[in-house]
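Pasted below: input35.pdb, PDB, C-alpha atoms, pLDDT in the B column.
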MODEL        1
ATOM      1  CA  PRO A 875      33.536  -7.738  23.988  1.00 85.00           C
ATOM      2  CA  VAL A 876      32.575 -10.110  21.132  1.00 92.00           C
ATOM      3  CA  LYS A 877      34.587  -8.145  18.572  1.00 94.00           C
ATOM      4  CA  ALA A 878      37.560  -8.007  20.939  1.00 95.00           C
ATOM      5  CA  LYS A 879      37.477 -11.771  21.419  1.00 95.00           C
ATOM      6  CA  PHE A 880      36.919 -12.526  17.729  1.00 94.00           C
ATOM      7  CA  PRO A 881      38.566  -9.638  15.818  1.00 94.00           C
ATOM      8  CA  GLY A 882      38.340 -11.479  12.515  1.00 93.00           C
ATOM      9  CA  ILE A 883      34.545 -11.288  12.519  1.00 95.00           C
ATOM     10  CA  SER A 884      33.018  -8.130  11.059  1.00 97.00           C
ATOM     11  CA  TYR A 885      30.644  -5.958  13.057  1.00 96.00           C
ATOM     12  CA  ALA A 886      28.066  -6.521  10.320  1.00 97.00           C
ATOM     13  CA  ASP A 887      28.185 -10.285  10.888  1.00 97.00           C
ATOM     14  CA  ILE A 888      28.011  -9.864  14.668  1.00 97.00           C
ATOM     15  CA  PHE A 889      24.905  -7.687  14.408  1.00 97.00           C
ATOM     16  CA  GLN A 890      23.213 -10.021  11.944  1.00 97.00           C
ATOM     17  CA  MET A 891      24.036 -13.127  13.975  1.00 96.00           C
ATOM     18  CA  ALA A 892      22.633 -11.427  17.093  1.00 96.00           C
ATOM     19  CA  SER A 893      19.366 -10.645  15.296  1.00 97.00           C
ATOM     20  CA  ALA A 894      18.900 -14.182  14.003  1.00 97.00           C
ATOM     21  CA  ARG A 895      19.828 -15.872  17.273  1.00 96.00           C
ATOM     22  CA  SER A 896      17.636 -13.583  19.374  1.00 97.00           C
ATOM     23  CA  ILE A 897      14.611 -14.430  17.240  1.00 98.00           C
ATOM     24  CA  GLU A 898      15.316 -18.156  17.408  1.00 98.00           C
ATOM     25  CA  LEU A 899      15.907 -18.106  21.183  1.00 97.00           C
ATOM     26  CA  ALA A 900      12.682 -16.128  21.633  1.00 98.00           C
ATOM     27  CA  GLY A 901      10.724 -18.970  20.058  1.00 98.00           C
ATOM     28  CA  GLY A 902      10.885 -17.865  16.446  1.00 98.00           C
ATOM     29  CA  PRO A 903      12.174 -19.667  13.355  1.00 98.00           C
ATOM     30  CA  LYS A 904      15.753 -20.689  12.651  1.00 97.00           C
ATOM     31  CA  ILE A 905      17.034 -18.412   9.908  1.00 97.00           C
ATOM     32  CA  ASP A 906      19.379 -19.742   7.219  1.00 95.00           C
ATOM     33  CA  MET A 907      21.922 -16.975   7.617  1.00 96.00           C
ATOM     34  CA  CYS A 908      24.983 -16.324   5.515  1.00 96.00           C
ATOM     35  CA  TYR A 909      28.181 -14.784   6.926  1.00 97.00           C
ATOM     36  CA  GLY A 910      31.321 -13.134   5.612  1.00 97.00           C
ATOM     37  CA  ARG A 911      30.080  -9.538   5.397  1.00 97.00           C
ATOM     38  CA  VAL A 912      32.698  -6.839   4.968  1.00 97.00           C
ATOM     39  CA  ASP A 913      32.297  -3.765   7.191  1.00 96.00           C
ATOM     40  CA  ALA A 914      31.929  -0.367   5.548  1.00 94.00           C
ATOM     41  CA  ALA A 915      35.149   1.652   5.628  1.00 92.00           C
ATOM     42  CA  SER A 916      33.309   4.929   6.298  1.00 93.00           C
ATOM     43  CA  SER A 917      29.881   6.543   6.289  1.00 90.00           C
ATOM     44  CA  LYS A 918      30.329   7.191   2.574  1.00 89.00           C
ATOM     45  CA  ASP A 919      29.890   3.448   2.004  1.00 89.00           C
ATOM     46  CA  CYS A 920      26.564   3.331   3.888  1.00 89.00           C
ATOM     47  CA  SER A 921      23.052   3.889   2.588  1.00 88.00           C
ATOM     48  CA  PRO A 922      21.778   7.445   3.083  1.00 89.00           C
ATOM     49  CA  GLU A 923      19.391   8.357   5.880  1.00 87.00           C
ATOM     50  CA  GLY A 924      15.703   8.129   4.994  1.00 88.00           C
ATOM     51  CA  ASN A 925      15.322   4.503   3.911  1.00 92.00           C
ATOM     52  CA  LEU A 926      13.337   3.289   6.922  1.00 92.00           C
ATOM     53  CA  PRO A 927       9.510   3.261   6.951  1.00 95.00           C
ATOM     54  CA  ASP A 928       7.442   5.714   8.980  1.00 96.00           C
ATOM     55  CA  GLY A 929       4.777   4.389  11.299  1.00 97.00           C
ATOM     56  CA  GLU A 930       2.593   7.481  10.979  1.00 97.00           C
ATOM     57  CA  ALA A 931       2.248  10.407   8.611  1.00 97.00           C
ATOM     58  CA  ASP A 932       4.031  13.690   9.266  1.00 95.00           C
ATOM     59  CA  ASP A 933       1.761  16.050  11.213  1.00 94.00           C
ATOM     60  CA  THR A 934       2.820  19.014   9.091  1.00 95.00           C
ATOM     61  CA  ASN A 935       2.062  17.681   5.603  1.00 96.00           C
ATOM     62  CA  GLY A 936       0.061  14.481   6.130  1.00 96.00           C
ATOM     63  CA  LYS A 937       2.600  12.433   4.199  1.00 97.00           C
ATOM     64  CA  TYR A 938       4.582   9.310   5.035  1.00 97.00           C
ATOM     65  CA  GLY A 939       8.263   9.063   4.181  1.00 96.00           C
ATOM     66  CA  GLY A 940      10.201  11.722   2.341  1.00 93.00           C
ATOM     67  CA  MET A 941      12.343  12.638  -0.625  1.00 92.00           C
ATOM     68  CA  GLY A 942      15.572  11.598   1.085  1.00 88.00           C
ATOM     69  CA  GLY A 943      17.141   8.165   1.171  1.00 89.00           C
ATOM     70  CA  THR A 944      18.183   6.096  -1.820  1.00 92.00           C
ATOM     71  CA  LYS A 945      14.873   6.878  -3.506  1.00 93.00           C
ATOM     72  CA  SER A 946      11.797   8.845  -2.478  1.00 95.00           C
ATOM     73  CA  THR A 947       9.421   6.952  -0.185  1.00 96.00           C
ATOM     74  CA  GLU A 948       6.957   9.802   0.119  1.00 97.00           C
ATOM     75  CA  ASP A 949       3.283   8.872  -0.094  1.00 97.00           C
ATOM     76  CA  THR A 950      -0.050   9.999   1.306  1.00 98.00           C
ATOM     77  CA  THR A 951      -1.053   6.437   2.265  1.00 98.00           C
ATOM     78  CA  PRO A 952       0.580   3.961   4.646  1.00 98.00           C
ATOM     79  CA  PHE A 953       0.350   1.082   2.144  1.00 98.00           C
ATOM     80  CA  GLY A 954       1.864   3.151  -0.653  1.00 98.00           C
ATOM     81  CA  HIS A 955       4.685   4.293   1.591  1.00 98.00           C
ATOM     82  CA  VAL A 956       5.757   0.856   2.834  1.00 98.00           C
ATOM     83  CA  ARG A 957       5.650  -0.494  -0.714  1.00 98.00           C
ATOM     84  CA  LYS A 958       7.977   2.276  -1.867  1.00 97.00           C
ATOM     85  CA  VAL A 959      10.335   1.409   0.979  1.00 97.00           C
ATOM     86  CA  PHE A 960      10.420  -2.343   0.368  1.00 97.00           C
ATOM     87  CA  TYR A 961       9.676  -2.806  -3.332  1.00 97.00           C
ATOM     88  CA  ARG A 962      12.915  -0.923  -4.046  1.00 95.00           C
ATOM     89  CA  GLN A 963      14.724  -3.653  -2.136  1.00 94.00           C
ATOM     90  CA  GLY A 964      13.102  -6.476  -4.068  1.00 96.00           C
ATOM     91  CA  PHE A 965      10.422  -7.475  -1.559  1.00 98.00           C
ATOM     92  CA  ASP A 966       6.874  -8.398  -2.533  1.00 98.00           C
ATOM     93  CA  ASP A 967       3.698  -7.981  -0.484  1.00 98.00           C
ATOM     94  CA  GLU A 968       4.229 -11.295   1.312  1.00 98.00           C
ATOM     95  CA  GLY A 969       7.713 -10.253   2.404  1.00 98.00           C
ATOM     96  CA  ILE A 970       6.492  -6.845   3.580  1.00 98.00           C
ATOM     97  CA  VAL A 971       3.770  -8.380   5.735  1.00 98.00           C
ATOM     98  CA  ALA A 972       6.147 -11.010   7.114  1.00 98.00           C
ATOM     99  CA  LEU A 973       8.759  -8.409   8.090  1.00 98.00           C
ATOM    100  CA  SER A 974       6.049  -6.295   9.718  1.00 98.00           C
ATOM    101  CA  GLY A 975       5.338  -9.311  11.909  1.00 98.00           C
ATOM    102  CA  ALA A 976       8.662  -8.723  13.658  1.00 98.00           C
ATOM    103  CA  HIS A 977       6.734  -6.129  15.671  1.00 98.00           C
ATOM    104  CA  THR A 978       5.509  -9.078  17.705  1.00 98.00           C
ATOM    105  CA  PHE A 979       8.894  -8.750  19.426  1.00 97.00           C
ATOM    106  CA  GLY A 980      10.200  -5.699  21.255  1.00 97.00           C
ATOM    107  CA  ARG A 981       9.108  -2.119  21.872  1.00 98.00           C
ATOM    108  CA  ALA A 982       8.963   1.350  20.309  1.00 97.00           C
ATOM    109  CA  TYR A 983      10.377   4.407  22.077  1.00 96.00           C
ATOM    110  CA  ALA A 984       9.147   7.951  21.551  1.00 93.00           C
ATOM    111  CA  ASP A 985      12.621   9.434  21.964  1.00 92.00           C
ATOM    112  CA  ARG A 986      13.905   7.300  19.093  1.00 90.00           C
ATOM    113  CA  SER A 987      11.093   6.903  16.585  1.00 88.00           C
ATOM    114  CA  GLY A 988       8.707   9.586  17.827  1.00 89.00           C
ATOM    115  CA  LEU A 989       6.074   6.916  18.474  1.00 94.00           C
ATOM    116  CA  GLY A 990       4.917   5.171  21.613  1.00 93.00           C
ATOM    117  CA  LYS A 991       4.594   6.167  25.241  1.00 96.00           C
ATOM    118  CA  GLU A 992       7.207   6.533  27.947  1.00 96.00           C
ATOM    119  CA  LYS A 993       5.827   3.294  29.404  1.00 97.00           C
ATOM    120  CA  THR A 994       2.642   1.213  29.485  1.00 97.00           C
ATOM    121  CA  LYS A 995       1.135  -1.397  31.787  1.00 97.00           C
ATOM    122  CA  PHE A 996       2.979  -3.988  29.694  1.00 98.00           C
ATOM    123  CA  THR A 997       6.386  -2.313  29.950  1.00 98.00           C
ATOM    124  CA  ASP A 998       6.496  -0.430  33.277  1.00 97.00           C
ATOM    125  CA  GLY A 999       8.281  -3.276  35.052  1.00 96.00           C
ATOM    126  CA  THR A1000       5.998  -3.198  38.092  1.00 93.00           C
ATOM    127  CA  SER A1001       2.448  -4.255  37.183  1.00 92.00           C
ATOM    128  CA  GLU A1002       1.299  -7.844  36.786  1.00 94.00           C
ATOM    129  CA  GLU A1003       0.773  -7.236  33.064  1.00 94.00           C
ATOM    130  CA  ALA A1004       4.379  -6.053  32.790  1.00 97.00           C
ATOM    131  CA  LYS A1005       5.725  -9.385  34.002  1.00 96.00           C
ATOM    132  CA  GLN A1006       7.402 -10.865  30.939  1.00 97.00           C
ATOM    133  CA  MET A1007       8.192 -14.537  30.453  1.00 96.00           C
ATOM    134  CA  ARG A1008      10.827 -15.693  28.006  1.00 96.00           C
ATOM    135  CA  ALA A1009      10.269 -18.464  25.482  1.00 96.00           C
ATOM    136  CA  ASP A1010      12.122 -20.865  27.787  1.00 95.00           C
ATOM    137  CA  GLY A1011       9.563 -20.220  30.543  1.00 95.00           C
ATOM    138  CA  LYS A1012      11.810 -18.098  32.751  1.00 96.00           C
ATOM    139  CA  GLU A1013      10.847 -14.633  33.901  1.00 96.00           C
ATOM    140  CA  ALA A1014      12.775 -11.946  32.039  1.00 96.00           C
ATOM    141  CA  LYS A1015      14.601  -9.011  33.550  1.00 95.00           C
ATOM    142  CA  TYR A1016      14.380  -5.857  31.441  1.00 97.00           C
ATOM    143  CA  THR A1017      14.699  -2.095  31.557  1.00 97.00           C
ATOM    144  CA  PRO A1018      11.185  -0.601  31.814  1.00 97.00           C
ATOM    145  CA  GLY A1019       9.832   1.736  29.172  1.00 97.00           C
ATOM    146  CA  GLY A1020       8.439   2.077  25.679  1.00 98.00           C
ATOM    147  CA  SER A1021       5.321   0.748  23.985  1.00 98.00           C
ATOM    148  CA  SER A1022       4.888  -2.811  22.767  1.00 98.00           C
ATOM    149  CA  TRP A1023       2.679  -4.131  19.987  1.00 98.00           C
ATOM    150  CA  THR A1024       1.918  -7.309  21.932  1.00 98.00           C
ATOM    151  CA  ASP A1025       1.428  -8.171  25.586  1.00 97.00           C
ATOM    152  CA  ARG A1026       4.126 -10.893  25.506  1.00 97.00           C
ATOM    153  CA  TRP A1027       6.738  -8.858  23.692  1.00 98.00           C
ATOM    154  CA  LEU A1028       9.755 -11.034  24.529  1.00 97.00           C
ATOM    155  CA  VAL A1029       8.308 -14.063  22.723  1.00 98.00           C
ATOM    156  CA  PHE A1030       8.472 -14.304  18.948  1.00 98.00           C
ATOM    157  CA  ASP A1031       5.182 -15.733  17.669  1.00 98.00           C
ATOM    158  CA  ASN A1032       2.263 -14.679  15.452  1.00 98.00           C
ATOM    159  CA  SER A1033       0.369 -12.767  18.143  1.00 98.00           C
ATOM    160  CA  TYR A1034       1.008  -9.494  16.287  1.00 98.00           C
ATOM    161  CA  PHE A1035      -1.336 -10.729  13.552  1.00 98.00           C
ATOM    162  CA  THR A1036      -4.049 -11.731  16.013  1.00 98.00           C
ATOM    163  CA  ILE A1037      -3.880  -8.402  17.841  1.00 98.00           C
ATOM    164  CA  MET A1038      -3.789  -5.927  14.937  1.00 98.00           C
ATOM    165  CA  PRO A1039      -7.295  -6.630  13.527  1.00 98.00           C
ATOM    166  CA  ASP A1040      -8.916  -7.073  16.956  1.00 97.00           C
ATOM    167  CA  ASP A1041     -10.688  -3.896  18.086  1.00 96.00           C
ATOM    168  CA  THR A1042     -11.144  -5.284  21.601  1.00 97.00           C
ATOM    169  CA  THR A1043      -7.443  -5.505  22.455  1.00 97.00           C
ATOM    170  CA  ASP A1044      -5.979  -3.289  25.153  1.00 97.00           C
ATOM    171  CA  PRO A1045      -5.621   0.329  23.934  1.00 96.00           C
ATOM    172  CA  GLU A1046      -2.155   0.536  25.464  1.00 97.00           C
ATOM    173  CA  LEU A1047      -0.842  -1.841  22.810  1.00 98.00           C
ATOM    174  CA  LEU A1048       0.726   0.022  19.915  1.00 98.00           C
ATOM    175  CA  LYS A1049      -1.064  -0.013  16.560  1.00 98.00           C
ATOM    176  CA  MET A1050       0.476   2.280  13.970  1.00 97.00           C
ATOM    177  CA  SER A1051      -1.141   3.155  10.653  1.00 98.00           C
ATOM    178  CA  THR A1052       1.462   1.060   8.833  1.00 98.00           C
ATOM    179  CA  ASP A1053       0.478  -1.880  11.072  1.00 98.00           C
ATOM    180  CA  LYS A1054      -3.261  -1.536  10.589  1.00 98.00           C
ATOM    181  CA  THR A1055      -2.948  -1.200   6.824  1.00 98.00           C
ATOM    182  CA  LEU A1056      -1.879  -4.852   6.619  1.00 98.00           C
ATOM    183  CA  PHE A1057      -5.480  -5.891   7.247  1.00 98.00           C
ATOM    184  CA  ALA A1058      -7.016  -3.066   5.190  1.00 98.00           C
ATOM    185  CA  ASP A1059      -5.036  -3.134   1.959  1.00 98.00           C
ATOM    186  CA  GLU A1060      -6.253  -5.772  -0.514  1.00 98.00           C
ATOM    187  CA  GLY A1061      -2.720  -6.812  -1.443  1.00 98.00           C
ATOM    188  CA  PHE A1062      -1.468  -7.200   2.109  1.00 98.00           C
ATOM    189  CA  LYS A1063      -4.629  -8.618   3.681  1.00 98.00           C
ATOM    190  CA  PRO A1064      -4.425 -12.222   2.368  1.00 98.00           C
ATOM    191  CA  PHE A1065      -0.966 -12.656   3.858  1.00 98.00           C
ATOM    192  CA  ALA A1066      -1.869 -10.945   7.133  1.00 98.00           C
ATOM    193  CA  GLU A1067      -4.853 -13.275   7.529  1.00 98.00           C
ATOM    194  CA  LYS A1068      -2.741 -16.277   6.555  1.00 98.00           C
ATOM    195  CA  PHE A1069      -0.152 -15.454   9.225  1.00 98.00           C
ATOM    196  CA  ARG A1070      -2.892 -14.772  11.781  1.00 98.00           C
ATOM    197  CA  ASP A1071      -4.290 -18.237  11.196  1.00 98.00           C
ATOM    198  CA  SER A1072      -0.993 -20.121  10.907  1.00 98.00           C
ATOM    199  CA  GLN A1073       2.147 -19.428  12.911  1.00 98.00           C
ATOM    200  CA  ASP A1074       4.021 -21.986  10.819  1.00 98.00           C
ATOM    201  CA  ALA A1075       3.172 -20.059   7.654  1.00 98.00           C
ATOM    202  CA  PHE A1076       4.360 -16.830   9.273  1.00 98.00           C
ATOM    203  CA  PHE A1077       7.619 -18.384  10.428  1.00 98.00           C
ATOM    204  CA  GLU A1078       8.346 -19.810   6.976  1.00 98.00           C
ATOM    205  CA  SER A1079       7.788 -16.486   5.228  1.00 98.00           C
ATOM    206  CA  TYR A1080       9.523 -14.468   7.919  1.00 98.00           C
ATOM    207  CA  ALA A1081      12.693 -16.578   7.828  1.00 98.00           C
ATOM    208  CA  LYS A1082      13.009 -16.025   4.071  1.00 98.00           C
ATOM    209  CA  ALA A1083      12.349 -12.288   4.327  1.00 98.00           C
ATOM    210  CA  HIS A1084      14.742 -11.819   7.251  1.00 98.00           C
ATOM    211  CA  LYS A1085      17.535 -13.576   5.362  1.00 97.00           C
ATOM    212  CA  GLN A1086      16.891 -11.438   2.282  1.00 97.00           C
ATOM    213  CA  LEU A1087      16.904  -8.231   4.318  1.00 97.00           C
ATOM    214  CA  SER A1088      20.077  -9.243   6.159  1.00 97.00           C
ATOM    215  CA  GLU A1089      21.971  -9.508   2.874  1.00 96.00           C
ATOM    216  CA  GLN A1090      20.764  -6.248   1.294  1.00 92.00           C
ATOM    217  CA  GLY A1091      23.713  -4.148   0.120  1.00 90.00           C
ATOM    218  CA  SER A1092      26.281  -6.455   1.704  1.00 94.00           C
ATOM    219  CA  LYS A1093      29.624  -7.420   0.226  1.00 94.00           C
ATOM    220  CA  PHE A1094      30.667 -10.963   1.156  1.00 97.00           C
ATOM    221  CA  VAL A1095      34.147 -12.468   1.326  1.00 96.00           C
ATOM    222  CA  PRO A1096      34.343 -15.105   0.035  1.00 95.00           C
ATOM    223  CA  GLU A1097      31.791 -14.286  -2.642  1.00 94.00           C
ATOM    224  CA  GLY A1098      28.505 -15.935  -1.764  1.00 92.00           C
ATOM    225  CA  GLY A1099      29.317 -15.925   1.938  1.00 94.00           C
ATOM    226  CA  VAL A1100      29.796 -18.694   4.464  1.00 94.00           C
ATOM    227  CA  LYS A1101      27.145 -20.958   5.991  1.00 92.00           C
ATOM    228  CA  ILE A1102      27.330 -22.102   9.617  1.00 86.00           C
ATOM    229  CA  ASP A1103      25.362 -25.210  10.599  1.00 76.00           C
TER     230      ASP A1103
ENDMDL
END

Please rewrite the model in this file as structure tokens.
Amino acid sequence: PVKAKFPGISYADIFQMASARSIELAGGPKIDMCYGRVDAASSKDCSPEGNLPDGEADDTNGKYGGMGGTKSTEDTTPFGHVRKVFYRQGFDDEGIVALSGAHTFGRAYADRSGLGKEKTKFTDGTSEEAKQMRADGKEAKYTPGGSSWTDRWLVFDNSYFTIMPDDTTDPELLKMSTDKTLFADEGFKPFAEKFRDSQDAFFESYAKAHKQLSEQGSKFVPEGGVKID
């Protein structure tokens, strides 16, 4: 319906605007987005499959990632794998940790990523723990299912970084190997601890990383894009 009402706006811009606005409305930072993306004419203009990070190693070979995608992301360690995924795109360790913090928001579904449960006490839609409040204080309506990383998964904050290193948190909260490595790897750990201790620091780094990711591989018209206040 948005595209039909505003046909001059590309799908790429609509998707990116939706991501930035949803984070801001959920209590997260305002992201300095740029618009004017040109949609791909066909699948030939898109990046190949295999560029996204794995949460866990493959059961058959014990490796993360694969040889597909723009460049191989295969590695035997979670920290090596996520670096291969994001270093190629120009991110540093701070940006990787900040982007990982987006797991504070939303859920994982086994039928999509192969990870997570059909539902948990935080996502079944019936238990007291599953009652979700929005950032504006109103109770949210949602379709039950999936596994969340945080108990308040419709609010964007730094709770992901307080939950990941805490061994006493509820076992129904999702903690993937690529999540836990943020507090184990010596390069990632300083930023993970910084974001755990300061939501403002997390928001500042996340907003920069989100903007950078949103512009990866995009062609803008006019060149340089358009800013909307």

Item to check | Evaluate the PyMOL selection byres ((chain A and resi 1023-1039) around 9) and report residues as a ChimeraX atom specification | outcome: /A:897-903,974-982,996-997,1003-1009,1014,1021-1022,1040-1044,1046-1049,1053-1054,1056-1057,1066-1067,1069-1074,1076-1077

Checklist entry - How many Å separate atom CA of Gly1011 of chain A from atom CA of Tyr1080 of chain A? => result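 Separation between atom CA of Gly1011 of chain A and atom CA of Tyr1080 of chain A: 23.3 Å.
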
Next on the checklist: I'd like the neighbourhood of Gly1019 of chain A as a PyMOL selection string, where a residue qualifies if any of its atoms comes within 10 Å (using only C-alpha atoms), though same-chain residues fewer than 5 positions away should be ignored.
Outcome noted: chain A and resi 981-984+990-999

Hey, can you spit out that residue selection with C-alpha atoms as a PDB file, keeping the file's coordinate frame?
ATOM      1  CA  ARG A 981       9.108  -2.119  21.872  1.00 98.00           C
ATOM      2  CA  ALA A 982       8.963   1.350  20.309  1.00 97.00           C
ATOM      3  CA  TYR A 983      10.377   4.407  22.077  1.00 96.00           C
ATOM      4  CA  ALA A 984       9.147   7.951  21.551  1.00 93.00           C
ATOM      5  CA  GLY A 990       4.917   5.171  21.613  1.00 93.00           C
ATOM      6  CA  LYS A 991       4.594   6.167  25.241  1.00 96.00           C
ATOM      7  CA  GLU A 992       7.207   6.533  27.947  1.00 96.00           C
ATOM      8  CA  LYS A 993       5.827   3.294  29.404  1.00 97.00           C
ATOM      9  CA  THR A 994       2.642   1.213  29.485  1.00 97.00           C
ATOM     10  CA  LYS A 995       1.135  -1.397  31.787  1.00 97.00           C
ATOM     11  CA  PHE A 996       2.979  -3.988  29.694  1.00 98.00           C
ATOM     12  CA  THR A 997       6.386  -2.313  29.950  1.00 98.00           C
ATOM     13  CA  ASP A 998       6.496  -0.430  33.277  1.00 97.00           C
ATOM     14  CA  GLY A 999       8.281  -3.276  35.052  1.00 96.00           C
TER      15      GLY A 999
END

Checklist entry - Taking into account only C-alpha atoms, which residue in the set A:Asp913, A:Asp906, A:Asp932, A:Asp1103 is nearest to Gly882 of chain A? => result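 Looking at the shortest contact to Gly882 of chain A, the residue is A:Asp913.
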
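You will find atom CA of Thr947 of chain A at 5.7 Å from atom CA of Val959 of chain A.
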
Item to check | Shortest interatomic distance to Ala1075 of chain A - which of A:Gly1020, A:Ser893, A:Ala972, A:Ala886, counting only C-alpha atoms | outcome: A:Ala972

Checklist entry - To one decimal place, how far is atom CA of Arg895 of chain A from atom CA of Ser1001 of chain A in Å? => result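 Distance reported for this atom pair: 28.9 Å.
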
Item to check | Test item: which residues lie within 9 Å of (31.6, -10.3, 3.9) counting only C-alpha atoms, as a list of chain:residue names | outcome: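 Residues with an atom close enough to that point: A:Ser884, A:Ala886, A:Asp887, A:Tyr909, A:Gly910, A:Arg911, A:Val912, A:Asp913, A:Ser1092, A:Lys1093, A:Phe1094, A:Val1095, A:Pro1096, A:Glu1097, A:Gly1098, A:Gly1099, A:Val1100.
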
Checklist entry - For this file, the PyMOL selection byres ((chain A and resi 940) around 10) selects which residues, as an NGL selection string? => result :A and (924-925 or 927-928 or 932 or 937-939 or 941-943 or 945-949 or 955)

Box centre and edge lengths (Å, one decimal), axis-aligned, segment 1074-1080 of chain A plus 3 Å each side, as AutoDock Vina command-line options:
--center_x 6.3 --center_y -18.2 --center_z 8.0 --size_x 12.4 --size_y 13.5 --size_z 11.6

Item to check | Distance criterion (all atoms listed in the file): nearest to Ser987 of chain A out of A:Pro875, A:Gly954, A:Gly929, A:Pro1045 | outcome: A:Gly929

Next on the checklist: Can you tell me which residues surround Ile970 of chain A at a distance of at most 8 Å, considering all atoms listed in the file, apart from same-chain residues fewer than 4 positions away, and format the answer as a list of chain:residue names?
Outcome noted: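 After dropping sequence-adjacent residues, the list is A:Val956, A:Arg957, A:Phe960, A:Phe965, A:Asp966, A:Ser974.
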
If I only have part of segment 954-974 of chain A, can you fill in N, CA and C atoms and write it as an mmCIF file, keeping the file's coordinate frame?
data_model
loop_
_atom_site.group_PDB
_atom_site.id
_atom_site.type_symbol
_atom_site.label_atom_id
_atom_site.label_comp_id
_atom_site.auth_asym_id
_atom_site.auth_seq_id
_atom_site.Cartn_x
_atom_site.Cartn_y
_atom_site.Cartn_z
ATOM 1 N N GLY A 954 1.009 2.681 0.430
ATOM 2 C CA GLY A 954 1.864 3.151 -0.653
ATOM 3 C C GLY A 954 3.277 3.422 -0.174
ATOM 4 N N HIS A 955 3.374 3.972 1.018
ATOM 5 C CA HIS A 955 4.685 4.293 1.591
ATOM 6 C C HIS A 955 5.515 3.046 1.840
ATOM 7 N N VAL A 956 4.949 2.047 2.515
ATOM 8 C CA VAL A 956 5.757 0.856 2.834
ATOM 9 C C VAL A 956 6.129 0.092 1.562
ATOM 10 N N ARG A 957 5.285 0.146 0.556
ATOM 11 C CA ARG A 957 5.650 -0.494 -0.714
ATOM 12 C C ARG A 957 6.834 0.222 -1.365
ATOM 13 N N LYS A 958 6.851 1.539 -1.299
ATOM 14 C CA LYS A 958 7.977 2.276 -1.867
ATOM 15 C C LYS A 958 9.268 1.960 -1.118
ATOM 16 N N VAL A 959 9.158 1.754 0.182
ATOM 17 C CA VAL A 959 10.335 1.409 0.979
ATOM 18 C C VAL A 959 10.867 0.032 0.602
ATOM 19 N N PHE A 960 9.974 -0.952 0.518
ATOM 20 C CA PHE A 960 10.420 -2.343 0.368
ATOM 21 C C PHE A 960 10.440 -2.868 -1.063
ATOM 22 N N TYR A 961 9.607 -2.362 -1.932
ATOM 23 C CA TYR A 961 9.676 -2.806 -3.332
ATOM 24 C C TYR A 961 11.047 -2.487 -3.922
ATOM 25 N N ARG A 962 11.591 -1.321 -3.558
ATOM 26 C CA ARG A 962 12.915 -0.923 -4.046
ATOM 27 C C ARG A 962 13.971 -1.958 -3.694
ATOM 28 N N GLN A 963 13.756 -2.658 -2.603
ATOM 29 C CA GLN A 963 14.724 -3.653 -2.136
ATOM 30 C C GLN A 963 14.416 -5.066 -2.640
ATOM 31 N N GLY A 964 13.404 -5.176 -3.481
ATOM 32 C CA GLY A 964 13.102 -6.476 -4.068
ATOM 33 C C GLY A 964 12.100 -7.313 -3.309
ATOM 34 N N PHE A 965 11.420 -6.721 -2.319
ATOM 35 C CA PHE A 965 10.422 -7.475 -1.559
ATOM 36 C C PHE A 965 9.060 -7.381 -2.237
ATOM 37 N N ASP A 966 8.255 -8.422 -2.064
ATOM 38 C CA ASP A 966 6.874 -8.398 -2.533
ATOM 39 C C ASP A 966 5.951 -8.198 -1.329
ATOM 40 N N ASP A 967 4.647 -8.236 -1.573
ATOM 41 C CA ASP A 967 3.698 -7.981 -0.484
ATOM 42 C C ASP A 967 3.814 -9.006 0.638
ATOM 43 N N GLU A 968 4.066 -10.257 0.287
ATOM 44 C CA GLU A 968 4.229 -11.295 1.312
ATOM 45 C C GLU A 968 5.415 -10.976 2.215
ATOM 46 N N GLY A 969 6.526 -10.579 1.616
ATOM 47 C CA GLY A 969 7.713 -10.253 2.404
ATOM 48 C C GLY A 969 7.502 -9.046 3.291
ATOM 49 N N ILE A 970 6.773 -8.048 2.788
ATOM 50 C CA ILE A 970 6.492 -6.845 3.580
ATOM 51 C C ILE A 970 5.667 -7.192 4.814
ATOM 52 N N VAL A 971 4.629 -7.998 4.614
ATOM 53 C CA VAL A 971 3.770 -8.380 5.735
ATOM 54 C C VAL A 971 4.544 -9.235 6.732
ATOM 55 N N ALA A 972 5.357 -10.150 6.222
ATOM 56 C CA ALA A 972 6.147 -11.010 7.114
ATOM 57 C C ALA A 972 7.107 -10.187 7.964
ATOM 58 N N LEU A 973 7.825 -9.244 7.335
ATOM 59 C CA LEU A 973 8.759 -8.409 8.090
ATOM 60 C C LEU A 973 8.036 -7.536 9.112
ATOM 61 N N SER A 974 6.841 -7.080 8.766
ATOM 62 C CA SER A 974 6.049 -6.295 9.718
ATOM 63 C C SER A 974 5.740 -7.108 10.965
#
